[in-house]
Amino acid sequence: MNYISTRDKSVSLTGAQAILQGLSRDGGLLVPDAFPTLELEEIGQLAPLTYPQRAAQIMSLFLEDFSKNELIKFAQAAYGPAKFDGGDAAPLLQVGDTFFLELWHGPTSAFKDIALQMLPRFLSASLEKTGETRDVCILVATSGDTGKAALEGFRDVPRTKIVVFYPRDGVSDVQKLQMMTQEGGNVAVCSVVGNFDDAQTGVKQIFSDTAFRDSLDAGGYFLSSANSINWGRLLPQIVYYFSSYCDLVNSEIIEPGEEINFCVPTGNFGNILAGYYAKKMGLPIKKLICASNSNNVLTDFIRTGTYDRRREFFTTTSPSMDILVSSNLERLLFDLSGGDDKLVAGYMNALNTDGVYTVSPEILAQLQSLFDCGMINDPLTKQTIGRVFREQGYLMDTHTAVAYGVYDEYRAATGDKTPTVVVSTASPFKFADAVIEALGGNADGGGFELIDALETLGGVSAPVPLKSLRGKQIRFDAVTDKDKMLGVVREFLV
Ligand SMILES: *Cc1c(COP(=O)(O)O)cnc(C)c1O
């Protein structure tokens, strides 16, 4: 299997090359040139396996240049008890008649750990496989969850270094503490005066500085990114769709072959795209329900076929979904168009220059048969958290609550009784202030006070990695102006 570009099918890369390169040189995203399919019997063979074994099995179908042994080793290290609290990376919980797939028991309490515990292992192995002699330096601009998950994933991984920039006034107290106390010998963290856009613009400028890249090259480094368009981040996410299906079969809630729905809180479209790929590979999925907050560009797209980013941007209580350009949608369009690279390139050009495109009636029809969608605003998100906690005793974070709220509206509107898995993407403690308010509490105070307050109100313990921040030493308190970010990277690498 090779990897081709969504904007140029003549591109052909191995798995290792695709992972190292991240993005295709034509600006397109890299996708497999063919998808493996699994018969029901083969899905059944995954059921008795552990999560790391299921992961190695699925991932090996896409990475022919990695040995099964290698993948098992990676998955055991990434998803074992040393990384995931309770030793289960993707536990499925029944609450009333709904199932929650909790993907946030990893080191940073958000679902990005599932991908970012794996990507660094792929990357470091890909250096060897491609004969790359330079080491890789990962640059990240983060608005919160990605930066910390990338730091934890890359810490002390051989032949990698990572520098994370976050906006000084743009992340939560808990997120700031998580990054300032980061451990590892190959990591650096720096805050930037300004907002997320300033940090991101600074990182993009470093990437496009050819003189700097040449000097890095001479020093034995090249730059790469850890953002969610890398195939190495998407692939690990396909696994938990299969895994939760197996868990439902194992507990005899469904018969093998029975269809289920997934409802996914969506931002960059990476998570739900992995669900679409699972369905394409043969997993019996009826509907993929795409849940948005007030930045509901995807809801409008699925309903009308027009993607229009020319709209007001809202800062919401589910910040990891505050996105107007969902990059991974490009991979879906490529697939639904039957691999029409020219058509996709045209849509993406239109999005870039005009801010809008409309897909063909054929693509729209497929989109609507595969996906349902909905939007939940901040007041409704809080109401949902409060209601589910009072009625069922289950505490959700704001992103998960958006998904649950959308699912509630979906089943009321359609009467669909298909068993449904709501994908739960963060610990409620990571967004403690909004969750406390949803429970009617007082959210004044800093990071630790909020964690304590939510433990009391919610009657549950905070995840150990968040609680243990208290005893950690501050290692990174540097602040830089946005035009001095290059100097920070240079100083770190010499
Ligand atoms: C990143 C993130 C999302 C959105 O996932 P996408 O793959 O970008 O659609 C949802 N919830 C949380 C908590 C996240 O960190």
# chains A, B, ... in the order shown; residues from 1 in each chain; ligands from 1
$ residues_near_ligand --ligand "ligand 1" --cutoff "7 Å" --atoms "only C-alpha atoms and all ligand atoms" --output "list of chain:residue names"
A:Ala110, A:Phe111, A:Lys112, A:Asp145, A:Thr146, A:Pro265, A:Thr266, A:Gly267, A:Asn268, A:Phe269, A:Gly270, A:Asn271, A:Ile272, A:Ser320, A:Met321, A:His399, A:Thr425, A:Ala426
$ write_last_selection --atoms "N, CA and C atoms" --output "CSV table (one decimal), in the first residue's frame"
chain,number,residue,atom,x,y,z
A,110,ALA,N,-6.8,14.2,27.7
A,110,ALA,CA,-7.6,14.5,26.5
A,110,ALA,C,-7.4,13.5,25.4
A,111,PHE,N,-8.3,13.3,24.5
A,111,PHE,CA,-8.2,12.2,23.5
A,111,PHE,C,-7.0,12.3,22.6
A,112,LYS,N,-6.4,13.5,22.5
A,112,LYS,CA,-5.2,13.6,21.6
A,112,LYS,C,-4.1,12.7,22.1
A,145,ASP,N,-4.8,21.7,24.2
A,145,ASP,CA,-4.7,20.3,24.3
A,145,ASP,C,-3.5,19.7,23.5
A,146,THR,N,-3.3,20.1,22.2
A,146,THR,CA,-2.3,19.5,21.4
A,146,THR,C,-0.9,19.6,21.9
A,265,PRO,N,-17.8,14.7,18.9
A,265,PRO,CA,-17.6,16.1,19.0
A,265,PRO,C,-16.5,16.5,18.1
A,266,THR,N,-16.8,17.4,17.2
A,266,THR,CA,-15.9,17.6,16.0
A,266,THR,C,-15.3,19.0,15.9
A,267,GLY,N,-14.0,19.1,15.6
A,267,GLY,CA,-13.3,20.3,15.3
A,267,GLY,C,-12.6,20.3,13.9
A,268,ASN,N,-11.5,19.6,13.9
A,268,ASN,CA,-10.7,19.5,12.7
A,268,ASN,C,-11.1,18.3,11.8
A,269,PHE,N,-12.1,17.6,12.3
A,269,PHE,CA,-12.6,16.5,11.5
A,269,PHE,C,-11.7,15.2,11.5
A,270,GLY,N,-10.7,15.2,12.4
A,270,GLY,CA,-9.8,14.0,12.4
A,270,GLY,C,-10.5,12.8,13.1
A,271,ASN,N,-11.1,13.0,14.2
A,271,ASN,CA,-11.7,11.9,15.0
A,271,ASN,C,-12.8,11.3,14.2
A,272,ILE,N,-13.8,12.0,13.7
A,272,ILE,CA,-14.9,11.5,13.0
A,272,ILE,C,-14.5,10.9,11.6
A,320,SER,N,-11.5,23.3,22.0
A,320,SER,CA,-10.8,22.4,21.1
A,320,SER,C,-11.7,22.2,19.8
A,321,MET,N,-12.9,22.7,19.8
A,321,MET,CA,-13.8,22.6,18.6
A,321,MET,C,-14.0,24.0,18.0
A,399,HIS,N,-16.9,19.3,25.8
A,399,HIS,CA,-16.9,18.8,24.4
A,399,HIS,C,-17.8,17.5,24.3
A,425,THR,N,-14.2,13.0,24.8
A,425,THR,CA,-12.8,13.4,24.4
A,425,THR,C,-12.0,14.1,25.4
A,426,ALA,N,-12.6,14.5,26.6
A,426,ALA,CA,-11.7,15.1,27.6
A,426,ALA,C,-12.3,14.8,29.0
$ select_by_dssp --residues "range 17-198 of chain A" --states "alpha helix (DSSP H)" --output "CSV table (one decimal) with N, CA, C and O atoms, in the first residue's frame"
chain,number,residue,atom,x,y,z
A,17,GLN,N,7.6,7.3,4.8
A,17,GLN,CA,7.8,8.6,4.1
A,17,GLN,C,6.6,9.5,4.4
A,17,GLN,O,6.8,10.7,4.6
A,18,ALA,N,5.4,8.9,4.3
A,18,ALA,CA,4.2,9.8,4.5
A,18,ALA,C,4.2,10.3,6.0
A,18,ALA,O,3.8,11.5,6.2
A,19,ILE,N,4.6,9.5,6.9
A,19,ILE,CA,4.6,10.0,8.3
A,19,ILE,C,5.7,11.1,8.5
A,19,ILE,O,5.5,12.1,9.2
A,20,LEU,N,6.9,10.9,7.9
A,20,LEU,CA,7.9,11.9,8.0
A,20,LEU,C,7.6,13.2,7.3
A,20,LEU,O,7.8,14.3,7.8
A,21,GLN,N,6.9,13.1,6.2
A,21,GLN,CA,6.6,14.3,5.4
A,21,GLN,C,5.4,15.0,5.9
A,21,GLN,O,5.3,16.2,5.8
A,40,LEU,N,-16.7,-9.8,8.8
A,40,LEU,CA,-17.2,-9.9,10.2
A,40,LEU,C,-16.4,-10.8,11.0
A,40,LEU,O,-16.1,-10.6,12.2
A,41,GLU,N,-16.0,-12.0,10.4
A,41,GLU,CA,-15.3,-13.0,11.1
A,41,GLU,C,-13.9,-12.4,11.6
A,41,GLU,O,-13.5,-12.6,12.7
A,42,GLU,N,-13.3,-11.5,10.7
A,42,GLU,CA,-12.0,-10.9,11.1
A,42,GLU,C,-12.2,-9.9,12.2
A,42,GLU,O,-11.4,-9.7,13.1
A,43,ILE,N,-13.3,-9.2,12.2
A,43,ILE,CA,-13.6,-8.2,13.2
A,43,ILE,C,-13.8,-9.0,14.5
A,43,ILE,O,-13.3,-8.7,15.6
A,44,GLY,N,-14.5,-10.2,14.4
A,44,GLY,CA,-14.7,-11.1,15.6
A,44,GLY,C,-13.4,-11.5,16.2
A,44,GLY,O,-13.2,-11.7,17.4
A,45,GLN,N,-12.4,-11.7,15.3
A,45,GLN,CA,-11.1,-12.2,15.8
A,45,GLN,C,-10.4,-11.1,16.7
A,45,GLN,O,-9.4,-11.4,17.4
A,46,LEU,N,-10.8,-9.8,16.5
A,46,LEU,CA,-10.2,-8.8,17.4
A,46,LEU,C,-10.8,-8.8,18.8
A,46,LEU,O,-10.2,-8.3,19.7
A,51,TYR,N,-6.4,-4.0,24.0
A,51,TYR,CA,-6.4,-2.8,23.2
A,51,TYR,C,-5.1,-2.7,22.3
A,51,TYR,O,-5.1,-2.5,21.1
A,52,PRO,N,-3.9,-2.9,23.0
A,52,PRO,CA,-2.7,-2.8,22.2
A,52,PRO,C,-2.6,-3.8,21.0
A,52,PRO,O,-2.1,-3.5,19.9
A,53,GLN,N,-3.1,-5.0,21.3
A,53,GLN,CA,-3.1,-6.0,20.2
A,53,GLN,C,-4.1,-5.6,19.1
A,53,GLN,O,-3.8,-5.8,17.9
A,54,ARG,N,-5.2,-5.1,19.5
A,54,ARG,CA,-6.2,-4.7,18.4
A,54,ARG,C,-5.5,-3.6,17.6
A,54,ARG,O,-5.7,-3.5,16.4
A,55,ALA,N,-4.8,-2.7,18.3
A,55,ALA,CA,-4.2,-1.5,17.6
A,55,ALA,C,-3.2,-2.0,16.6
A,55,ALA,O,-3.1,-1.6,15.5
A,56,ALA,N,-2.3,-2.9,17.1
A,56,ALA,CA,-1.2,-3.4,16.2
A,56,ALA,C,-1.8,-4.1,15.0
A,56,ALA,O,-1.3,-3.9,13.9
A,57,GLN,N,-2.9,-4.9,15.2
A,57,GLN,CA,-3.6,-5.6,14.1
A,57,GLN,C,-4.1,-4.6,13.0
A,57,GLN,O,-3.8,-4.8,11.9
A,58,ILE,N,-4.8,-3.6,13.5
A,58,ILE,CA,-5.4,-2.6,12.5
A,58,ILE,C,-4.3,-1.8,11.8
A,58,ILE,O,-4.3,-1.6,10.6
A,59,MET,N,-3.3,-1.4,12.6
A,59,MET,CA,-2.3,-0.5,12.1
A,59,MET,C,-1.4,-1.2,11.1
A,59,MET,O,-1.0,-0.6,10.1
A,60,SER,N,-1.2,-2.5,11.3
A,60,SER,CA,-0.4,-3.3,10.4
A,60,SER,C,-1.0,-3.4,9.0
A,60,SER,O,-0.3,-3.5,8.0
A,68,LYS,N,5.0,-6.4,12.4
A,68,LYS,CA,4.0,-6.7,13.4
A,68,LYS,C,4.5,-6.6,14.8
A,68,LYS,O,3.9,-6.0,15.7
A,69,ASN,N,5.8,-7.1,14.9
A,69,ASN,CA,6.4,-7.1,16.2
A,69,ASN,C,6.7,-5.7,16.7
A,69,ASN,O,6.5,-5.3,17.9
A,70,GLU,N,7.1,-4.9,15.8
A,70,GLU,CA,7.4,-3.5,16.0
A,70,GLU,C,6.2,-2.8,16.5
A,70,GLU,O,6.1,-2.0,17.5
A,71,LEU,N,5.1,-3.0,15.8
A,71,LEU,CA,3.8,-2.3,16.1
A,71,LEU,C,3.2,-2.7,17.4
A,71,LEU,O,2.7,-1.9,18.2
A,72,ILE,N,3.4,-4.0,17.7
A,72,ILE,CA,2.9,-4.5,19.0
A,72,ILE,C,3.7,-3.8,20.1
A,72,ILE,O,3.2,-3.3,21.2
A,73,LYS,N,5.0,-3.7,19.9
A,73,LYS,CA,5.9,-3.0,20.9
A,73,LYS,C,5.5,-1.6,21.1
A,73,LYS,O,5.3,-1.1,22.3
A,74,PHE,N,5.2,-0.9,20.0
A,74,PHE,CA,4.8,0.5,20.1
A,74,PHE,C,3.5,0.6,20.9
A,74,PHE,O,3.3,1.5,21.7
A,75,ALA,N,2.5,-0.2,20.5
A,75,ALA,CA,1.2,-0.1,21.0
A,75,ALA,C,1.2,-0.4,22.5
A,75,ALA,O,0.5,0.2,23.3
A,76,GLN,N,2.0,-1.4,22.9
A,76,GLN,CA,2.1,-1.7,24.3
A,76,GLN,C,2.7,-0.6,25.1
A,76,GLN,O,2.2,-0.3,26.2
A,77,ALA,N,3.7,0.0,24.6
A,77,ALA,CA,4.3,1.2,25.3
A,77,ALA,C,3.4,2.4,25.3
A,77,ALA,O,3.3,3.1,26.3
A,78,ALA,N,2.7,2.6,24.2
A,78,ALA,CA,1.8,3.8,24.1
A,78,ALA,C,0.6,3.7,25.0
A,78,ALA,O,0.1,4.6,25.5
A,79,TYR,N,0.0,2.5,25.0
A,79,TYR,CA,-1.3,2.3,25.6
A,79,TYR,C,-1.3,1.5,26.9
A,79,TYR,O,-2.4,1.1,27.4
A,112,LYS,N,-6.4,13.5,22.5
A,112,LYS,CA,-5.2,13.6,21.6
A,112,LYS,C,-4.1,12.7,22.1
A,112,LYS,O,-3.2,12.4,21.2
A,113,ASP,N,-4.1,12.2,23.3
A,113,ASP,CA,-3.1,11.3,23.7
A,113,ASP,C,-3.1,10.0,22.9
A,113,ASP,O,-2.1,9.4,22.7
A,114,ILE,N,-4.3,9.5,22.5
A,114,ILE,CA,-4.4,8.3,21.7
A,114,ILE,C,-3.5,8.4,20.5
A,114,ILE,O,-2.8,7.4,20.2
A,115,ALA,N,-3.5,9.5,19.8
A,115,ALA,CA,-2.7,9.6,18.6
A,115,ALA,C,-1.3,10.1,18.9
A,115,ALA,O,-0.3,9.6,18.3
A,116,LEU,N,-1.1,11.0,19.9
A,116,LEU,CA,0.2,11.5,20.2
A,116,LEU,C,1.1,10.7,21.1
A,116,LEU,O,2.2,10.9,21.2
A,119,LEU,N,2.3,8.7,17.5
A,119,LEU,CA,3.0,9.4,16.4
A,119,LEU,C,4.5,9.4,16.6
A,119,LEU,O,5.3,9.2,15.7
A,120,PRO,N,5.0,9.8,17.8
A,120,PRO,CA,6.5,9.9,18.0
A,120,PRO,C,7.2,8.6,17.7
A,120,PRO,O,8.3,8.6,17.2
A,121,ARG,N,6.5,7.5,18.1
A,121,ARG,CA,7.2,6.2,17.9
A,121,ARG,C,7.2,5.9,16.4
A,121,ARG,O,8.2,5.4,15.9
A,122,PHE,N,6.1,6.2,15.7
A,122,PHE,CA,6.1,6.1,14.2
A,122,PHE,C,7.3,6.9,13.6
A,122,PHE,O,8.0,6.5,12.7
A,123,LEU,N,7.4,8.2,14.1
A,123,LEU,CA,8.3,9.1,13.5
A,123,LEU,C,9.7,8.6,13.7
A,123,LEU,O,10.5,8.6,12.7
A,124,SER,N,10.0,8.3,14.9
A,124,SER,CA,11.4,7.9,15.2
A,124,SER,C,11.8,6.6,14.4
A,124,SER,O,12.9,6.5,13.9
A,125,ALA,N,10.9,5.7,14.3
A,125,ALA,CA,11.1,4.5,13.5
A,125,ALA,C,11.3,4.8,12.0
A,125,ALA,O,12.1,4.2,11.3
A,126,SER,N,10.5,5.8,11.6
A,126,SER,CA,10.5,6.2,10.1
A,126,SER,C,11.8,6.8,9.8
A,126,SER,O,12.3,6.7,8.6
A,127,LEU,N,12.5,7.5,10.7
A,127,LEU,CA,13.8,8.0,10.4
A,127,LEU,C,14.8,6.9,10.0
A,127,LEU,O,15.5,7.0,9.0
A,128,GLU,N,14.7,5.8,10.8
A,128,GLU,CA,15.6,4.6,10.5
A,128,GLU,C,15.2,4.0,9.1
A,128,GLU,O,16.0,3.8,8.3
A,129,LYS,N,13.9,3.8,8.9
A,129,LYS,CA,13.4,3.1,7.7
A,129,LYS,C,13.7,3.8,6.4
A,129,LYS,O,13.9,3.2,5.4
A,145,ASP,N,-4.8,21.7,24.2
A,145,ASP,CA,-4.7,20.3,24.3
A,145,ASP,C,-3.5,19.7,23.5
A,145,ASP,O,-2.8,18.8,23.9
A,146,THR,N,-3.3,20.1,22.2
A,146,THR,CA,-2.3,19.5,21.4
A,146,THR,C,-0.9,19.6,21.9
A,146,THR,O,-0.1,18.7,21.9
A,147,GLY,N,-0.6,20.8,22.4
A,147,GLY,CA,0.8,21.1,22.8
A,147,GLY,C,1.2,20.2,24.0
A,147,GLY,O,2.2,19.5,23.9
A,148,LYS,N,0.4,20.0,25.0
A,148,LYS,CA,0.7,19.2,26.1
A,148,LYS,C,0.8,17.7,25.7
A,148,LYS,O,1.7,17.0,26.1
A,149,ALA,N,-0.2,17.3,24.8
A,149,ALA,CA,-0.2,15.9,24.4
A,149,ALA,C,1.0,15.6,23.6
A,149,ALA,O,1.6,14.5,23.7
A,150,ALA,N,1.5,16.6,22.7
A,150,ALA,CA,2.7,16.4,21.9
A,150,ALA,C,3.9,16.3,22.8
A,150,ALA,O,4.8,15.5,22.6
A,151,LEU,N,4.0,17.2,23.8
A,151,LEU,CA,5.1,17.2,24.7
A,151,LEU,C,5.2,15.8,25.4
A,151,LEU,O,6.3,15.2,25.5
A,152,GLU,N,4.1,15.3,25.9
A,152,GLU,CA,4.2,14.0,26.6
A,152,GLU,C,4.5,12.9,25.7
A,152,GLU,O,5.2,12.0,26.0
A,153,GLY,N,4.0,13.0,24.4
A,153,GLY,CA,4.3,11.9,23.5
A,153,GLY,C,5.8,11.9,23.0
A,153,GLY,O,6.4,10.8,22.9
A,154,PHE,N,6.4,13.1,22.9
A,154,PHE,CA,7.7,13.2,22.3
A,154,PHE,C,8.8,13.2,23.4
A,154,PHE,O,10.0,13.0,23.1
A,173,ASP,N,-5.6,27.9,33.1
A,173,ASP,CA,-4.7,27.8,34.2
A,173,ASP,C,-4.1,26.4,34.2
A,173,ASP,O,-2.9,26.2,34.4
A,174,VAL,N,-5.0,25.4,34.1
A,174,VAL,CA,-4.6,24.0,34.2
A,174,VAL,C,-3.6,23.7,33.1
A,174,VAL,O,-2.6,23.1,33.2
A,175,GLN,N,-4.0,24.1,31.9
A,175,GLN,CA,-3.2,23.8,30.7
A,175,GLN,C,-1.8,24.5,30.8
A,175,GLN,O,-0.8,23.9,30.4
A,176,LYS,N,-1.8,25.7,31.3
A,176,LYS,CA,-0.5,26.4,31.5
A,176,LYS,C,0.4,25.6,32.4
A,176,LYS,O,1.6,25.4,32.1
A,177,LEU,N,-0.2,25.2,33.6
A,177,LEU,CA,0.6,24.5,34.5
A,177,LEU,C,1.1,23.2,33.9
A,177,LEU,O,2.3,22.7,34.2
A,178,GLN,N,0.3,22.5,33.2
A,178,GLN,CA,0.7,21.2,32.5
A,178,GLN,C,1.9,21.5,31.7
A,178,GLN,O,2.8,20.6,31.6
A,179,MET,N,2.0,22.6,31.0
A,179,MET,CA,3.1,22.8,30.1
A,179,MET,C,4.3,23.3,30.8
A,179,MET,O,5.5,22.9,30.5
A,180,MET,N,4.1,24.2,31.8
A,180,MET,CA,5.3,24.8,32.5
A,180,MET,C,6.1,23.7,33.3
A,180,MET,O,7.3,23.9,33.5
A,196,PHE,N,-3.4,33.1,20.1
A,196,PHE,CA,-3.0,31.8,19.4
A,196,PHE,C,-2.5,32.1,18.0
A,196,PHE,O,-1.6,31.5,17.5
A,197,ASP,N,-3.2,33.0,17.3
A,197,ASP,CA,-2.9,33.3,15.9
A,197,ASP,C,-1.4,33.9,15.8
A,197,ASP,O,-0.7,33.5,14.9
A,198,ASP,N,-1.0,34.7,16.8
A,198,ASP,CA,0.3,35.2,16.9
A,198,ASP,C,1.3,34.0,17.0
A,198,ASP,O,2.3,34.0,16.3
$ residues_around --residues "Val494 in chain A" --least-positions-apart "2" --cutoff "12 Å" --atoms "only C-alpha atoms" --output "ChimeraX atom specification"
/A:161,215-216,218-221,487-492
$ residues_around --residues "range 251-260 of chain A" --least-positions-apart "4" --cutoff "12 Å" --atoms "only C-alpha atoms" --output "ChimeraX atom specification"
/A:38-48,92-94,97-99,241-242,244-247,275,279,282-289,416-422
$ select_by_dssp --residues "range 251-416 of chain A" --states "strand (DSSP E or B)" --output "PDB file with N, CA, C and O atoms, in the first residue's frame"
ATOM      1  N   ILE A 260     -24.258   0.000  14.638  1.00  0.00           N
ATOM      2  CA  ILE A 260     -24.303   0.982  15.726  1.00  0.00           C
ATOM      3  C   ILE A 260     -24.026   2.379  15.153  1.00  0.00           C
ATOM      4  O   ILE A 260     -23.543   2.516  14.036  1.00  0.00           O
ATOM      5  N   ASN A 261     -24.351   3.410  15.946  1.00  0.00           N
ATOM      6  CA  ASN A 261     -24.019   4.798  15.578  1.00  0.00           C
ATOM      7  C   ASN A 261     -22.866   5.284  16.447  1.00  0.00           C
ATOM      8  O   ASN A 261     -22.680   4.817  17.579  1.00  0.00           O
ATOM      9  N   PHE A 262     -22.142   6.262  15.935  1.00  0.00           N
ATOM     10  CA  PHE A 262     -21.179   7.003  16.753  1.00  0.00           C
ATOM     11  C   PHE A 262     -21.532   8.482  16.670  1.00  0.00           C
ATOM     12  O   PHE A 262     -21.847   8.992  15.587  1.00  0.00           O
ATOM     13  N   CYS A 263     -21.475   9.156  17.807  1.00  0.00           N
ATOM     14  CA  CYS A 263     -21.670  10.606  17.821  1.00  0.00           C
ATOM     15  C   CYS A 263     -20.372  11.250  18.302  1.00  0.00           C
ATOM     16  O   CYS A 263     -19.870  10.914  19.381  1.00  0.00           O
ATOM     17  N   VAL A 264     -19.804  12.152  17.507  1.00  0.00           N
ATOM     18  CA  VAL A 264     -18.424  12.614  17.732  1.00  0.00           C
ATOM     19  C   VAL A 264     -18.354  14.138  17.828  1.00  0.00           C
ATOM     20  O   VAL A 264     -18.771  14.849  16.902  1.00  0.00           O
ATOM     21  N   PRO A 265     -17.797  14.667  18.942  1.00  0.00           N
ATOM     22  CA  PRO A 265     -17.599  16.124  19.031  1.00  0.00           C
ATOM     23  C   PRO A 265     -16.478  16.530  18.085  1.00  0.00           C
ATOM     24  O   PRO A 265     -15.351  16.047  18.202  1.00  0.00           O
ATOM     25  N   ILE A 285     -21.357   0.329  10.866  1.00  0.00           N
ATOM     26  CA  ILE A 285     -21.774   1.619  11.416  1.00  0.00           C
ATOM     27  C   ILE A 285     -22.942   2.118  10.575  1.00  0.00           C
ATOM     28  O   ILE A 285     -22.874   2.121   9.350  1.00  0.00           O
ATOM     29  N   LYS A 286     -24.010   2.546  11.265  1.00  0.00           N
ATOM     30  CA  LYS A 286     -25.161   3.083  10.549  1.00  0.00           C
ATOM     31  C   LYS A 286     -24.950   4.564  10.260  1.00  0.00           C
ATOM     32  O   LYS A 286     -24.803   4.970   9.122  1.00  0.00           O
ATOM     33  N   LYS A 287     -24.902   5.374  11.310  1.00  0.00           N
ATOM     34  CA  LYS A 287     -24.711   6.814  11.113  1.00  0.00           C
ATOM     35  C   LYS A 287     -23.519   7.302  11.917  1.00  0.00           C
ATOM     36  O   LYS A 287     -23.296   6.877  13.058  1.00  0.00           O
ATOM     37  N   LEU A 288     -22.797   8.248  11.332  1.00  0.00           N
ATOM     38  CA  LEU A 288     -21.783   9.001  12.059  1.00  0.00           C
ATOM     39  C   LEU A 288     -22.406  10.371  12.308  1.00  0.00           C
ATOM     40  O   LEU A 288     -22.763  11.074  11.355  1.00  0.00           O
ATOM     41  N   ILE A 289     -22.583  10.713  13.583  1.00  0.00           N
ATOM     42  CA  ILE A 289     -23.256  11.969  13.906  1.00  0.00           C
ATOM     43  C   ILE A 289     -22.194  13.004  14.281  1.00  0.00           C
ATOM     44  O   ILE A 289     -21.435  12.810  15.226  1.00  0.00           O
ATOM     45  N   CYS A 290     -22.144  14.064  13.508  1.00  0.00           N
ATOM     46  CA  CYS A 290     -21.102  15.092  13.645  1.00  0.00           C
ATOM     47  C   CYS A 290     -21.639  16.212  14.534  1.00  0.00           C
ATOM     48  O   CYS A 290     -22.585  16.895  14.158  1.00  0.00           O
ATOM     49  N   ALA A 291     -21.037  16.382  15.720  1.00  0.00           N
ATOM     50  CA  ALA A 291     -21.529  17.372  16.675  1.00  0.00           C
ATOM     51  C   ALA A 291     -20.635  18.608  16.681  1.00  0.00           C
ATOM     52  O   ALA A 291     -19.415  18.495  16.777  1.00  0.00           O
ATOM     53  N   SER A 292     -21.253  19.775  16.584  1.00  0.00           N
ATOM     54  CA  SER A 292     -20.501  21.043  16.589  1.00  0.00           C
ATOM     55  C   SER A 292     -20.977  21.943  17.715  1.00  0.00           C
ATOM     56  O   SER A 292     -22.110  21.825  18.178  1.00  0.00           O
ATOM     57  N   THR A 306     -22.682  23.337   1.068  1.00  0.00           N
ATOM     58  CA  THR A 306     -21.813  24.518   0.929  1.00  0.00           C
ATOM     59  C   THR A 306     -20.968  24.688   2.179  1.00  0.00           C
ATOM     60  O   THR A 306     -21.498  24.753   3.293  1.00  0.00           O
ATOM     61  N   TYR A 307     -19.651  24.730   1.973  1.00  0.00           N
ATOM     62  CA  TYR A 307     -18.733  24.978   3.087  1.00  0.00           C
ATOM     63  C   TYR A 307     -18.346  26.447   3.044  1.00  0.00           C
ATOM     64  O   TYR A 307     -17.738  26.905   2.081  1.00  0.00           O
ATOM     65  N   ASP A 308     -18.717  27.190   4.062  1.00  0.00           N
ATOM     66  CA  ASP A 308     -18.515  28.637   4.046  1.00  0.00           C
ATOM     67  C   ASP A 308     -17.869  29.091   5.350  1.00  0.00           C
ATOM     68  O   ASP A 308     -18.518  29.152   6.388  1.00  0.00           O
ATOM     69  N   VAL A 356     -15.158  29.843   0.402  1.00  0.00           N
ATOM     70  CA  VAL A 356     -16.384  29.052   0.255  1.00  0.00           C
ATOM     71  C   VAL A 356     -16.280  28.117  -0.956  1.00  0.00           C
ATOM     72  O   VAL A 356     -15.594  28.421  -1.931  1.00  0.00           O
ATOM     73  N   TYR A 357     -16.920  26.935  -0.853  1.00  0.00           N
ATOM     74  CA  TYR A 357     -17.099  26.070  -2.026  1.00  0.00           C
ATOM     75  C   TYR A 357     -18.378  25.265  -1.826  1.00  0.00           C
ATOM     76  O   TYR A 357     -18.863  25.124  -0.695  1.00  0.00           O
ATOM     77  N   THR A 358     -18.918  24.753  -2.926  1.00  0.00           N
ATOM     78  CA  THR A 358     -20.108  23.911  -2.862  1.00  0.00           C
ATOM     79  C   THR A 358     -19.803  22.601  -3.570  1.00  0.00           C
ATOM     80  O   THR A 358     -19.320  22.603  -4.704  1.00  0.00           O
ATOM     81  N   PHE A 371     -23.673  10.669   7.134  1.00  0.00           N
ATOM     82  CA  PHE A 371     -23.545  11.511   8.322  1.00  0.00           C
ATOM     83  C   PHE A 371     -24.876  12.142   8.708  1.00  0.00           C
ATOM     84  O   PHE A 371     -25.690  12.467   7.853  1.00  0.00           O
ATOM     85  N   ASP A 372     -25.040  12.326  10.017  1.00  0.00           N
ATOM     86  CA  ASP A 372     -26.062  13.243  10.504  1.00  0.00           C
ATOM     87  C   ASP A 372     -25.300  14.297  11.286  1.00  0.00           C
ATOM     88  O   ASP A 372     -24.090  14.165  11.487  1.00  0.00           O
ATOM     89  N   CYS A 373     -25.961  15.364  11.717  1.00  0.00           N
ATOM     90  CA  CYS A 373     -25.197  16.423  12.374  1.00  0.00           C
ATOM     91  C   CYS A 373     -26.090  17.279  13.249  1.00  0.00           C
ATOM     92  O   CYS A 373     -27.318  17.226  13.147  1.00  0.00           O
ATOM     93  N   GLY A 374     -25.458  18.087  14.092  1.00  0.00           N
ATOM     94  CA  GLY A 374     -26.212  19.013  14.913  1.00  0.00           C
ATOM     95  C   GLY A 374     -25.277  19.964  15.639  1.00  0.00           C
ATOM     96  O   GLY A 374     -24.059  19.762  15.662  1.00  0.00           O
ATOM     97  N   MET A 375     -25.873  21.003  16.225  1.00  0.00           N
ATOM     98  CA  MET A 375     -25.098  22.038  16.900  1.00  0.00           C
ATOM     99  C   MET A 375     -25.699  22.322  18.272  1.00  0.00           C
ATOM    100  O   MET A 375     -26.917  22.343  18.412  1.00  0.00           O
TER     101      MET A 375
END
$ closest_residue --among "A:Gln237, A:Thr142, A:Asn195, A:Ser243" --to "Tyr276 in chain A" --atoms "only C-alpha atoms"
A:Gln237
